[in-house]
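Report on the following structure.
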Amino acid sequence: MNLREEVQKYLDEGFSDVNAVSKVCQDVILLKISKYNMRDNVTVKGGVFLMLMALYLLFTSSIFL
């Protein structure tokens, strides 16, 4: 997964910069959960947790800088 390309896809769909990056971060989190061997025991409810995790990744990672 090329993160810059994924962000660009969301930008092309009309998302703002912050929302595009946040959406990619959420996609990464969900992808990691899906590959986790305990994935059947994970429940993701609502978007608040994902949004907070995405913002954390955004501000603590140099991937998007």
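Within each chain, counting starts at residue 1; across the structure tokens, chains are named A, B, ... in the order shown, with ligands numbered 1 upward in that order.
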
* **Residue neighbourhood Val21 in chain A, 12 Å, only C-alpha atoms, exclusion window fewer than 6 positions, as a list of chain:residue names** =>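 The filter keeps A:Leu3, A:Arg4, A:Glu5, A:Glu6, A:Val7, A:Gln8, A:Lys9, A:Tyr10, A:Leu11, A:Phe15, A:Asp27, A:Val28, A:Met51, A:Met53, A:Ala54, A:Leu55, A:Tyr56, A:Leu57, A:Leu58, A:Phe59, A:Ser61, A:Ile63, A:Phe64, A:Leu65.
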
* Asked: Hey, what does DSSP flag as helix (DSSP H, G or I) within chain A? Can you give it to me as a PyMOL selection string?
  -> chain A and resi 3-12+17-35+39-41+48-60

Next, write the just-selected residues to a file, as a short mmCIF file (atom, residue, chain, number, x, y, z; two decimals), in the first residue's frame, keeping N, CA and C atoms as the atom set.
data_model
loop_
_atom_site.label_atom_id
_atom_site.label_comp_id
_atom_site.auth_asym_id
_atom_site.auth_seq_id
_atom_site.Cartn_x
_atom_site.Cartn_y
_atom_site.Cartn_z
N LEU A 3 1.00 4.88 0.69
CA LEU A 3 0.14 5.79 1.45
C LEU A 3 -0.12 7.09 0.71
N ARG A 4 0.88 7.60 0.04
CA ARG A 4 0.69 8.86 -0.70
C ARG A 4 -0.34 8.69 -1.82
N GLU A 5 -0.29 7.55 -2.51
CA GLU A 5 -1.27 7.29 -3.56
C GLU A 5 -2.67 7.15 -2.99
N GLU A 6 -2.77 6.48 -1.84
CA GLU A 6 -4.08 6.32 -1.20
C GLU A 6 -4.66 7.67 -0.79
N VAL A 7 -3.81 8.54 -0.23
CA VAL A 7 -4.27 9.89 0.14
C VAL A 7 -4.74 10.62 -1.11
N GLN A 8 -3.99 10.51 -2.19
CA GLN A 8 -4.36 11.21 -3.43
C GLN A 8 -5.70 10.72 -3.96
N LYS A 9 -5.98 9.43 -3.82
CA LYS A 9 -7.27 8.89 -4.26
C LYS A 9 -8.42 9.58 -3.52
N TYR A 10 -8.26 9.74 -2.21
CA TYR A 10 -9.32 10.39 -1.42
C TYR A 10 -9.40 11.88 -1.75
N LEU A 11 -8.27 12.51 -2.02
CA LEU A 11 -8.29 13.92 -2.42
C LEU A 11 -9.04 14.07 -3.75
N ASP A 12 -8.80 13.14 -4.66
CA ASP A 12 -9.50 13.17 -5.95
C ASP A 12 -11.00 12.97 -5.80
N ASP A 17 -7.72 17.76 2.84
CA ASP A 17 -6.42 17.17 3.15
C ASP A 17 -6.44 16.37 4.44
N VAL A 18 -6.96 16.99 5.50
CA VAL A 18 -6.98 16.34 6.81
C VAL A 18 -7.86 15.09 6.78
N ASN A 19 -9.01 15.18 6.16
CA ASN A 19 -9.91 14.03 6.11
C ASN A 19 -9.35 12.91 5.25
N ALA A 20 -8.65 13.24 4.18
CA ALA A 20 -8.05 12.22 3.32
C ALA A 20 -6.97 11.46 4.08
N VAL A 21 -6.12 12.18 4.78
CA VAL A 21 -5.05 11.54 5.57
C VAL A 21 -5.66 10.71 6.69
N SER A 22 -6.67 11.26 7.36
CA SER A 22 -7.34 10.54 8.43
C SER A 22 -7.96 9.25 7.92
N LYS A 23 -8.59 9.31 6.76
CA LYS A 23 -9.22 8.12 6.18
C LYS A 23 -8.18 7.05 5.86
N VAL A 24 -7.04 7.46 5.32
CA VAL A 24 -5.98 6.49 5.03
C VAL A 24 -5.47 5.87 6.33
N CYS A 25 -5.30 6.67 7.37
CA CYS A 25 -4.88 6.13 8.66
C CYS A 25 -5.87 5.10 9.17
N GLN A 26 -7.16 5.40 9.03
CA GLN A 26 -8.18 4.45 9.46
C GLN A 26 -8.10 3.17 8.63
N ASP A 27 -7.85 3.31 7.34
CA ASP A 27 -7.72 2.13 6.48
C ASP A 27 -6.55 1.26 6.93
N VAL A 28 -5.45 1.90 7.31
CA VAL A 28 -4.26 1.16 7.78
C VAL A 28 -4.59 0.42 9.07
N ILE A 29 -5.27 1.09 9.99
CA ILE A 29 -5.64 0.46 11.26
C ILE A 29 -6.52 -0.76 11.01
N LEU A 30 -7.53 -0.61 10.15
CA LEU A 30 -8.43 -1.73 9.86
C LEU A 30 -7.71 -2.86 9.13
N LEU A 31 -6.77 -2.52 8.26
CA LEU A 31 -5.98 -3.53 7.57
C LEU A 31 -5.14 -4.33 8.57
N LYS A 32 -4.51 -3.62 9.51
CA LYS A 32 -3.70 -4.31 10.53
C LYS A 32 -4.57 -5.21 11.40
N ILE A 33 -5.74 -4.73 11.78
CA ILE A 33 -6.64 -5.56 12.58
C ILE A 33 -7.05 -6.80 11.80
N SER A 34 -7.31 -6.65 10.51
CA SER A 34 -7.76 -7.78 9.70
C SER A 34 -6.70 -8.86 9.56
N LYS A 35 -5.43 -8.49 9.70
CA LYS A 35 -4.34 -9.47 9.59
C LYS A 35 -3.93 -10.05 10.95
N ARG A 39 -8.33 -11.40 15.19
CA ARG A 39 -9.27 -10.46 14.55
C ARG A 39 -10.74 -10.80 14.82
N ASP A 40 -11.02 -12.07 15.05
CA ASP A 40 -12.41 -12.46 15.30
C ASP A 40 -12.88 -12.00 16.68
N ASN A 41 -11.96 -11.56 17.52
CA ASN A 41 -12.29 -11.10 18.86
C ASN A 41 -12.24 -9.58 18.98
N VAL A 48 -15.26 7.19 16.52
CA VAL A 48 -14.51 8.05 17.42
C VAL A 48 -13.13 7.47 17.71
N PHE A 49 -13.06 6.19 18.03
CA PHE A 49 -11.77 5.57 18.33
C PHE A 49 -10.86 5.60 17.10
N LEU A 50 -11.41 5.24 15.94
CA LEU A 50 -10.60 5.25 14.72
C LEU A 50 -10.12 6.65 14.40
N MET A 51 -10.96 7.64 14.59
CA MET A 51 -10.56 9.02 14.31
C MET A 51 -9.43 9.44 15.24
N LEU A 52 -9.54 9.08 16.52
CA LEU A 52 -8.48 9.43 17.47
C LEU A 52 -7.18 8.72 17.12
N MET A 53 -7.26 7.44 16.76
CA MET A 53 -6.06 6.71 16.37
C MET A 53 -5.46 7.28 15.09
N ALA A 54 -6.31 7.66 14.14
CA ALA A 54 -5.83 8.24 12.89
C ALA A 54 -5.12 9.57 13.16
N LEU A 55 -5.71 10.39 14.00
CA LEU A 55 -5.06 11.66 14.34
C LEU A 55 -3.75 11.44 15.07
N TYR A 56 -3.71 10.44 15.94
CA TYR A 56 -2.46 10.11 16.64
C TYR A 56 -1.39 9.71 15.62
N LEU A 57 -1.75 8.84 14.69
CA LEU A 57 -0.80 8.42 13.67
C LEU A 57 -0.36 9.60 12.81
N LEU A 58 -1.30 10.46 12.49
CA LEU A 58 -1.00 11.62 11.66
C LEU A 58 0.03 12.53 12.31
N PHE A 59 -0.16 12.78 13.60
CA PHE A 59 0.71 13.74 14.27
C PHE A 59 1.98 13.13 14.87
N THR A 60 2.07 11.82 14.92
CA THR A 60 3.27 11.20 15.48
C THR A 60 4.12 10.48 14.43
#
